[in-house]
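Undergrad: The structure that follows is given in the form of structure tokens.
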Amino acid sequence: DFSFLPLAAQAAKPTALLASTLLHRNWKALSGGLFLMALLGRAVEVQAGSAALLVGYVAGGVVAKLLCAFAGVAAPIGLPAVAGMLSLLVMTLGMTSSNLLPRPRGILDALRSMKALRRASANFDSSRAMEAVLITVFSLAWATASLPTHFSGGLWRLRAAGPRAYWLATQLRALPPWMLALLSGSLAALACSVLLLPAWGVLVRVLRTIVNRVKKMSPQRPKAADTKNNQ
């Protein structure tokens, strides 16, 4: 199985690693995933762009696959897809929570002044909070139904890596698959907001700068109307 390969071997096969994020366990998992993609994917795309949607989903599946390889267990079919969807869920909740309550100027100001708390309670958007709760409950229920109750099989290759790594792998293996998918999605969402998306923005800016400079350096061809007038 691809899940039993070492981390270096899995990194050497990026196509198989990315393809695993598109596999689902059954038609019920696929239909639920499409429904969540229409909700969560649209929310992330509107708030952060299409790049955030793609990077967040793929990062969740890749992190789940690598965690299973680190723990020495076989990743069940559908786990990377569930992890990718939960990554979009965490990203959506992060964007929604910032709009539920107004941000105070400082923590001490919010604690000292009761007016800030009254304003926060007055501006609390209960409808959006209820939507966030419902979509979270549905996503976790879908993740639980789309994955088996426990991991089966596995290879242990971390005894030589030290007791801490072996203990961490043991704790990961003891988790239910849906909880490991939630952990992977949370880590992927954090990595996207802190590292991946800012790096993507810098890369896009650099490429645009290079393209603009190349266009300025390249000789401009005369237009057809100008050539006719010269003739």
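Naming scheme: A, B, ... for chains in displayed order of the structure tokens; residues 1 onward per chain; ligands 1 onward as shown.
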Name the residues in contact with Arg25 (chain A) at a cut-off of 10 Å, using only C-alpha atoms, excluding same-chain residues fewer than 4 positions from it; report them as a PyMOL selection string.
TA: chain A and resi 29-30+76-79+81+145-148
